[in-house]
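**Q** The structure is given below, and queries will be raised subsequently.
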Amino acid sequence: MYDLLKSPEIQQCRANIDSARTLPRHAFTSEEFLWLERDRIFSSRWTAVLFAEELPGPGDVKPFELVGIPLFAVRTGVDEIKVFHNICPYDGCLVVTTPSHALDLIETPYHGWQYDLGGKLIKIPYWNGTEDAPLTALNGRSGDLSSVRTVLWNGIVFINLSKKADSFDSVISPLDELLGDYRLEHTAIEVGEDTLPVFNRFTWNANWKTVLENTCLNILHEHFVHAAYRTSPETPRVDEKGNPKFFNIHEGQLLGFGYPYSELDDTYGNLPFPHLGRTEHRAPDTGYYLTFYPSLNITVWANAIEFEIPLPVTPGSTHITTANLFEKDSAVNPEYSAAREEYSRMFEGFIDEDRHVVEAVQKGRQSPVYIQQYYSEFWDENHYNLTQIILDDLEERR
């Protein structure tokens, strides 16, 4: 840690927001720094990695990586997905190299070992020269796959690689409480013309922290980056006296801001989807832009929710998967297809506008004159809090 962040740099990051500085340039550009984050953030935190609907049926299998760590997910039942380290205990080869569907068992590509969907070794052909070699031929050595702690939350797969992490229920509770007025259990991912769930996948040329700083934490950028906000009289989110029309949120791994919908009626317009409030005759009156650190961004509107999973690939690239959720019927009903397409186009426009500036920030961090930037006390409380969480993890204070 102290080889990668010098004591004066840490002190500047830890100062009060009015004099604090951001993380230094190499925190966003160094491969060595990313490996430190892999070990102390992504291997210890509950991390969102994929959508459950990416594995729609029992026996569906998908390989993926978490900061270079090979893993794979398998749907073992209607309501269960398991994640394993994607490595064969015998030969060290990947167990799963391509997505597959409706498997009864998993066969390794190198030496043909076979596993059930729960990761239990069931066959080691020709291990002792015979086609049906018994497992006892391993002489007590374990051949089962190494499992990863896995939880499903509202259609999102979270994993934890650590044996010491807090329970998922305890870390997700602030988000559950905040969204208590929303019927998340009655939402579904929108479907396309082929009636399959729609996922948007793309890669930004930016560090994962650069993505998080912007997507649900940076409030002021809206008015300058997004066309819809630039033309709106309701932004920036301040009243005529300069008072904020938003409130910041920070509890545990949850960061972001909320706002009364009434403050942005003209900006967002009205989409014809049923609202997601718990009471039929009362729609939610508060919207949110949230980050559940380190890998889930959530946009919450009264009648739609967007989930976004950004995962680091390299110090300068982040792979992002997004999905739009609506009330279950309107997510699949052809009568709403035009409205769903309009909503998707709007969000795709926001994403493209964000990509342009986020990649520009990442390029700026290559400059020798970029050392450590500073914060606006009024607008950047969330960015500052994100930096503190990252430092807590890197210094292993949790």
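Each chain in the structure tokens gets a letter, A, B, ..., in the order shown, and its residues are numbered from 1; ligands are numbered from 1 in order too.
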Could you give me, as a Markdown table, a per-residue list for stretch 179-295 of chain A showing, wherever an atom lies at most 12 Å from an atom of stretch 383-396 of chain A, the closest pair of atoms and their distance in Å to one decimal, using only C-alpha atoms and sorting by chain then residue number from low to high?
**A**
| residue | atom | partner | partner_atom | distance |
| --- | --- | --- | --- | --- |
| A:Trp208 | CA | A:Ile390 | CA | 12.0 |
| A:Lys209 | CA | A:Leu386 | CA | 8.9 |
| A:Thr210 | CA | A:His383 | CA | 10.1 |
| A:Val211 | CA | A:His383 | CA | 11.3 |
| A:Leu212 | CA | A:Leu386 | CA | 8.7 |
| A:Glu213 | CA | A:His383 | CA | 5.8 |
| A:Asn214 | CA | A:His383 | CA | 8.6 |
| A:Thr215 | CA | A:His383 | CA | 10.7 |
| A:Cys216 | CA | A:His383 | CA | 9.7 |
| A:Leu217 | CA | A:His383 | CA | 6.2 |
| A:Asn218 | CA | A:His383 | CA | 7.0 |
| A:Ile219 | CA | A:His383 | CA | 9.9 |
| A:Leu220 | CA | A:His383 | CA | 11.7 |
| A:Asn248 | CA | A:Asn385 | CA | 10.4 |
| A:Ile249 | CA | A:Asn385 | CA | 9.9 |
| A:His250 | CA | A:Asn385 | CA | 7.7 |
| A:Glu251 | CA | A:Asn385 | CA | 10.1 |
| A:Gly252 | CA | A:Ile389 | CA | 8.8 |
| A:Gln253 | CA | A:Ile389 | CA | 8.1 |
| A:Leu254 | CA | A:Leu386 | CA | 9.6 |
| A:Leu255 | CA | A:Leu386 | CA | 7.6 |
| A:Gly256 | CA | A:His383 | CA | 9.1 |
| A:Phe257 | CA | A:His383 | CA | 11.3 |
| A:Leu290 | CA | A:Leu386 | CA | 11.9 |
| A:Thr291 | CA | A:Leu386 | CA | 9.6 |
| A:Phe292 | CA | A:Leu386 | CA | 10.5 |
| A:Tyr293 | CA | A:Leu386 | CA | 8.3 |
| A:Pro294 | CA | A:Ile390 | CA | 9.0 |
**Q** Would you list the contacts of A:Ile122 as a list of chain:residue names, taking every protein, DNA or RNA residue within 12 Å and counting only C-alpha atoms, but skipping same-chain residues closer than 4 positions in sequence?
**A**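 Listing them by chain and then by number gives A:Asp104, A:Leu105, A:Ile106, A:Glu107, A:Thr108, A:Gly112, A:Trp113, A:Gln114, A:Tyr115, A:Asp116, A:Leu117, A:Gly118, A:Asp132, A:Ala133, A:Pro134, A:Leu135, A:Thr136, A:Ser142, A:Gly143, A:Asp144, A:Leu145.
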**Q** Kindly indicate which residue among A:Trp204, A:Tyr126, A:Phe84, A:Phe273 lies nearest to A:Arg149, using only C-alpha atoms for the distances.
**A**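 Residue with the minimum atom-to-atom distance to A:Arg149: A:Phe84.
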**Q** Quick one: residues within 6 Å of stretch 16-24 of chain A, only C-alpha atoms, excluding same-chain residues fewer than 5 positions away - as a VMD selection string?
**A** chain A and resid 371 to 374 377
**Q** Between A:Thr279, A:Asn297, A:Gln12, A:Ser147, which has the minimum distance to A:Val74 (counting only C-alpha atoms)?
**A**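 Among the listed residues, A:Ser147 lies closest to A:Val74.
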**Q** Mind pulling up the distance from atom CA of A:Ile351 to atom CA of A:Leu271?
**A** 18.8 Å
**Q** Report the residues of stretch 163-276 of chain A whose backbone DSSP state falls under strand (DSSP E or B), written as JSON, numbers by chain.
**A** {"A": [182, 187, 188, 189, 191, 197, 200, 201, 202, 203, 204, 238, 244, 247, 248, 249, 250, 251, 254, 255, 256, 257, 258, 259, 260]}
**Q** Quick one: residues within 6 Å of stretch 35-47 of chain A, only C-alpha atoms counted, chain neighbours fewer than 5 positions away excluded, as a list in words?
**A**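 In the requested form, the answer reads Phe158, Ile159, Asn160, Leu161, Ser162, Ser295, Asp393 and Leu394 of chain A.
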**Q** Restrict the selected residues to N, CA, C and O atoms and save them as an mmCIF file, in the first residue's frame.
**A**
data_model
loop_
_atom_site.group_PDB
_atom_site.id
_atom_site.type_symbol
_atom_site.label_atom_id
_atom_site.label_comp_id
_atom_site.auth_asym_id
_atom_site.auth_seq_id
_atom_site.Cartn_x
_atom_site.Cartn_y
_atom_site.Cartn_z
ATOM 1 N N PHE A 158 -24.404 -11.482 -6.852
ATOM 2 C CA PHE A 158 -23.302 -10.945 -6.056
ATOM 3 C C PHE A 158 -22.420 -12.095 -5.603
ATOM 4 O O PHE A 158 -22.921 -13.173 -5.248
ATOM 5 N N ILE A 159 -21.117 -11.852 -5.587
ATOM 6 C CA ILE A 159 -20.193 -12.854 -5.075
ATOM 7 C C ILE A 159 -19.256 -12.220 -4.064
ATOM 8 O O ILE A 159 -19.081 -10.997 -4.025
ATOM 9 N N ASN A 160 -18.655 -13.094 -3.254
ATOM 10 C CA ASN A 160 -17.626 -12.644 -2.315
ATOM 11 C C ASN A 160 -16.551 -13.714 -2.250
ATOM 12 O O ASN A 160 -16.832 -14.870 -1.959
ATOM 13 N N LEU A 161 -15.325 -13.327 -2.561
ATOM 14 C CA LEU A 161 -14.215 -14.267 -2.604
ATOM 15 C C LEU A 161 -13.552 -14.457 -1.250
ATOM 16 O O LEU A 161 -12.681 -15.308 -1.099
ATOM 17 N N SER A 162 -13.962 -13.664 -0.270
ATOM 18 C CA SER A 162 -13.318 -13.705 1.036
ATOM 19 C C SER A 162 -14.072 -14.630 1.972
ATOM 20 O O SER A 162 -15.284 -14.805 1.862
ATOM 21 N N SER A 295 -19.447 -2.171 -7.440
ATOM 22 C CA SER A 295 -19.715 -2.524 -8.840
ATOM 23 C C SER A 295 -21.190 -2.549 -9.237
ATOM 24 O O SER A 295 -21.582 -3.360 -10.082
ATOM 25 N N ASP A 393 -10.401 0.454 2.385
ATOM 26 C CA ASP A 393 -10.173 -0.906 1.909
ATOM 27 C C ASP A 393 -8.696 -1.156 1.628
ATOM 28 O O ASP A 393 -8.149 -2.203 1.982
ATOM 29 N N LEU A 394 -8.044 -0.212 0.989
ATOM 30 C CA LEU A 394 -6.634 -0.408 0.649
ATOM 31 C C LEU A 394 -5.747 -0.448 1.870
ATOM 32 O O LEU A 394 -4.724 -1.128 1.904
#
